[in-house]
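What follows is a single structure, written as structure tokens, with notes after it.
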Amino acid sequence: MLREECISKLDVRFQKAYYVLYKRFDANEFRLSDAETDIQSLWLKNSNEVMSEFKKAWLLGISKDPADSRKSIYVFNVFEDKINLKEDKSKLFIVLKSAADLIRTTVDYEVLLIFLFYKAISDKWNTRKQEFLDKVSNEQQANIVANSGFYKLYNPQEDELYTWQEVTKDTDSIRLLYNALMVISELNKERFGELSKLLEKTWLWSLTNDDNMFILESLVSLFDSLDFSGLNYDMIGEWYMWILSYFAPQKAKEGEVYTPKEISTLISKIIDIQEWETILDPACGSGSMLIEAYDITKKKLGKESPNIELHWQERNEKMEALGKINFVLHGIDNFSLDVGDSLKNPRFVKCDKVIANPPWNLDGYNEDTFDDSSSAKKIYTTYTNDGFPSKQSADWAWVQLMLYYSKKKSGIVLDSGALFRWGREKKIRQAIIEKNLIDAVILLPEKLFYNTSAPGIILVLNHERKKTKKDIMFVNASDRITKHPDVRKLNILAETTIEEVLKACNDWKDIEWFSKAISIDDIAKNEYNLNVSLYINPIVIEEQIDLAKEFEELKELDQKEKEILEEVYGYIDGVLKVVK
């Protein structure tokens with residue numbers, strides 16, 4: 001059994017006690033009196049309870065003290081040192097969950113992403129170095145060659161090595177971990193220099209103080225059990241995305257938006273990316289949508305490195321850094337990024353296709369937001385003479401931005417209210433419908449997103465449809481509900497539903513209760529309302545009630561209730577007689 005699997009069975013407060021005591025005693029025997037000071041320092045009053053919890057989790061061996069049979073001697077169980085990630089990747093999730101419990105309420109979750117990133121590139125860098133070391137006798141030369149064409153973890157000017165293994169080799173050097181990562185950020189400024197910004201915002205440095213040092217050492221111990229050297233980047237990147245999704249419910253409360261993978265999959269398949277195309281996400285966050293688009297294209301083309309370019313912009317510097325590390329861990333180099341407000345200051349070029357899940361109903365944008373010199377102003381006068389959004393919602397500003405910067409197809413996730421709200425939004429919506437730029441409107445099931453229970457919609461935009469289509473495909477997938485396997489209050493978009501929606505959009509056929517093509521003329525008669533439920537409703541299965549049968553069952557329940565009450569009354573009556 002894996003040690004972390006046992007630790008995960010403990011309550012968080014006992015987990016912290018385990019790491020503190022294990023660091024002190026390791027595989028040596030100890031008595032309860034030896035551990036009581038450390039236990040009390042963690043505000044745990046009952047030392048026997050702590051030992052009992054360790055024993056129940058198979059972390060501790062107990063024997064009688066030969067000097068006093070009333071007392072016990074304890075020793076921590078020994079576990080395997082390294083986890084074979086190729087054979088059982090599920091064990092990594094156990095390690096990551098244990099690490100997540102360790103840092104909860106102490107530092108930001110991004111610390112785990114940084115540790116995963118640091119350990120992974122160090123393992124791969126060491127493998128490269130060893131390959132060169134076998135050919136040259138000079139270690140310094142091997143370090144320099146290992147740096148070449150890869151990430152720089154060696155500073156030749158100072159002859160200093162900054163790999164995970166070097167920096168975490170003992171307690172004193174672990175205290176320098178934060179500084180080592182800052183140096184790595186500087187050595188790799190062009191590739192992931194934004195790491196320094198992320199380090200400053202995550203409070204990682206706070207783990208090096210005496211009160212939290214046991215957390216840092218425990219995290220190092222957890223990641224020491226992992227070896228990423230022989231794994232491909234897809235697998236490492238998958239675990240990075242798992243951490244993002246694991247913390248998504250918590251971060252959603254703080255305003256961060258995470259797009260579930262299956263929604264990114266659906267959009268990527270709908271826009272059908274081809275080789276040599278350029279893809280843009282103007283609101284990319286951690287980059288998950290673009291990475292999924294890249295992976296889908298890679299599988300479709302059967303190529304390890306498809307010839308597609310990825311472009312993105314993000315206004316949050318912390319998310320920009322997370323996104324760049326995300327790309328690095330997925331082994332994706334062919335991308336460009338910019339930081340800034342895409343609606344006010346887009347810094348990208350026109351691309352073949354665009355995807356996005358921007359913040360829904362973003363407020364604070366109207367005509368006054370864009371000064372006369374702003375190049376962005378042209379975007380919001382291209383599809384109608386006054387396409388500036390209302391101050392309450394920038395949803396249709398995002399739609400115009402994506403149309404302006406796409407040459408072919410786009411897919412955007414929005415709040416369903418964007419389909420039917422009046423005022424400025426209706427005016428913009430009408431102009432885009434009349435210009436025949438909307439391919440499909442897809443209503444999703446509710447509770448797919450971590451930050452809202454509202455059902456989102458996918459709007460598919462297409463510059464290439466003008467000559468062939470004069471209608472819009474509506475798809476109502478709101479009843480295709482599949483429960484999330486891990487998060488009780490959430491649903492997911494099942495693979496069968498993804499294929500069903502994709503087929504409806506590709507075949508352009510009416511499917512009863514699910515999909516229907518509506519002419520633009522009919523939509524105009526409905527005041528350019530794109531509410532999917534207006535045009536198509538899912539099947540409502542009504543339960544047939546047998547009134548006679550239900551009445552008989554009701555009488556039977558009533559009789560049983562009377563019998564139970566009579567039995568209770570008899571029991572009470574008997575008790576009262578005894579008392580008298």
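Chain labels follow the order of the structure tokens: the first chain is A, the next B, and so on; residue numbering restarts at 1 in every chain, and ligands are counted from 1 in their shown order.
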Excluding Pro260 in chain A and its own-chain neighbours fewer than 3 positions away, which residues fall within 7 Å of it when counting only C-alpha atoms? Please give them as a ChimeraX atom specification.
/A:263-264,449
Could you pull out all residues of range 218-300 of chain A with a DSSP call of alpha helix (DSSP H) and give them as a ChimeraX atom specification?
/A:218-224,233-246,248-252,261-271,288-300
Those same residues - C-alpha atoms - I'd like them written as a JSON list (two decimals), in the first residue's frame.
```
[["chain", "number", "residue", "atom", "x", "y", "z"],
["A", 218, "SER", "CA", 6.38, 17.25, 3.85],
["A", 219, "LEU", "CA", 5.55, 18.59, 0.38],
["A", 220, "VAL", "CA", 9.11, 17.90, -0.73],
["A", 221, "SER", "CA", 8.84, 14.37, 0.67],
["A", 222, "LEU", "CA", 5.61, 13.78, -1.25],
["A", 223, "PHE", "CA", 7.02, 15.00, -4.56],
["A", 224, "ASP", "CA", 10.28, 13.11, -3.98],
["A", 233, "TYR", "CA", 4.36, 15.73, -21.50],
["A", 234, "ASP", "CA", 0.72, 14.84, -22.16],
["A", 235, "MET", "CA", 0.57, 12.80, -18.96],
["A", 236, "ILE", "CA", 2.31, 15.48, -16.86],
["A", 237, "GLY", "CA", 0.06, 18.15, -18.35],
["A", 238, "GLU", "CA", -3.00, 16.04, -17.53],
["A", 239, "TRP", "CA", -2.04, 16.09, -13.84],
["A", 240, "TYR", "CA", -1.49, 19.83, -13.96],
["A", 241, "MET", "CA", -5.04, 20.20, -15.31],
["A", 242, "TRP", "CA", -6.29, 17.83, -12.58],
["A", 243, "ILE", "CA", -4.95, 20.20, -9.89],
["A", 244, "LEU", "CA", -6.71, 23.13, -11.58],
["A", 245, "SER", "CA", -10.01, 21.23, -11.70],
["A", 246, "TYR", "CA", -9.62, 19.87, -8.14],
["A", 248, "ALA", "CA", -11.98, 24.85, -9.20],
["A", 249, "PRO", "CA", -14.96, 24.75, -6.79],
["A", 250, "GLN", "CA", -13.00, 26.67, -4.16],
["A", 251, "LYS", "CA", -11.53, 29.19, -6.63],
["A", 252, "ALA", "CA", -14.93, 29.74, -8.28],
["A", 261, "LYS", "CA", -12.69, 19.82, -20.23],
["A", 262, "GLU", "CA", -15.69, 18.27, -21.96],
["A", 263, "ILE", "CA", -17.01, 21.71, -23.00],
["A", 264, "SER", "CA", -13.60, 22.57, -24.48],
["A", 265, "THR", "CA", -13.70, 19.20, -26.27],
["A", 266, "LEU", "CA", -17.12, 19.92, -27.78],
["A", 267, "ILE", "CA", -16.15, 23.38, -29.03],
["A", 268, "SER", "CA", -12.85, 22.10, -30.45],
["A", 269, "LYS", "CA", -14.64, 19.39, -32.40],
["A", 270, "ILE", "CA", -17.31, 21.77, -33.68],
["A", 271, "ILE", "CA", -14.85, 24.32, -35.08],
["A", 288, "SER", "CA", -7.10, 24.86, -20.81],
["A", 289, "MET", "CA", -9.33, 25.50, -23.84],
["A", 290, "LEU", "CA", -6.41, 26.01, -26.22],
["A", 291, "ILE", "CA", -4.58, 22.98, -24.84],
["A", 292, "GLU", "CA", -7.67, 20.80, -25.33],
["A", 293, "ALA", "CA", -8.01, 22.17, -28.89],
["A", 294, "TYR", "CA", -4.35, 21.26, -29.49],
["A", 295, "ASP", "CA", -4.82, 17.74, -28.08],
["A", 296, "ILE", "CA", -8.00, 17.11, -30.10],
["A", 297, "THR", "CA", -6.22, 18.23, -33.29],
["A", 298, "LYS", "CA", -3.19, 16.09, -32.47],
["A", 299, "LYS", "CA", -5.36, 12.98, -32.08],
["A", 300, "LYS", "CA", -7.33, 13.77, -35.24]]
```
Point-to-point distance in Å for CA of Glu309 in chain A and CA of Asp123 in chain A
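Atom-to-atom, CA of Asp123 in chain A to CA of Glu309 in chain A, that is 27.9 Å.
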Strand (DSSP E) call set, DSSP backbone run, range 231-376 of chain A, as a tab-separated table (two decimals) with C-alpha atoms, in the first residue's frame:
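Result file is part.tsv:
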```tsv
chain	number	residue	atom	x	y	z
A	278	THR	CA	-4.05	29.58	-36.28
A	279	ILE	CA	-6.21	29.46	-33.13
A	280	LEU	CA	-6.94	32.32	-30.73
A	281	ASP	CA	-8.37	32.51	-27.21
A	309	GLU	CA	-0.23	28.11	-33.97
A	310	LEU	CA	-1.86	29.08	-30.68
A	311	HIS	CA	-2.40	32.73	-29.73
A	312	TRP	CA	-3.90	34.03	-26.53
A	313	GLN	CA	-4.33	37.01	-24.27
A	314	GLU	CA	-5.10	37.21	-20.55
A	335	PHE	CA	2.32	29.74	-29.07
A	336	SER	CA	2.34	33.46	-28.45
A	337	LEU	CA	0.77	35.32	-25.56
A	338	ASP	CA	-0.01	38.84	-24.49
A	339	VAL	CA	-1.17	40.39	-21.25
A	353	LYS	CA	-10.49	30.16	-35.61
A	354	VAL	CA	-11.31	31.58	-32.16
A	355	ILE	CA	-12.52	29.90	-28.95
A	356	ALA	CA	-13.33	31.43	-25.56
```
Using only C-alpha atoms, can you tell me which of A:Asp471, A:Arg24, A:Lys549, A:Lys562 comes closest to Ser519 in chain A?
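Residue with the minimum atom-to-atom distance to Ser519 in chain A: A:Asp471.
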What is the CA of Leu21 in chain A to CA of Arg104 in chain A distance in Å?
19.3 Å
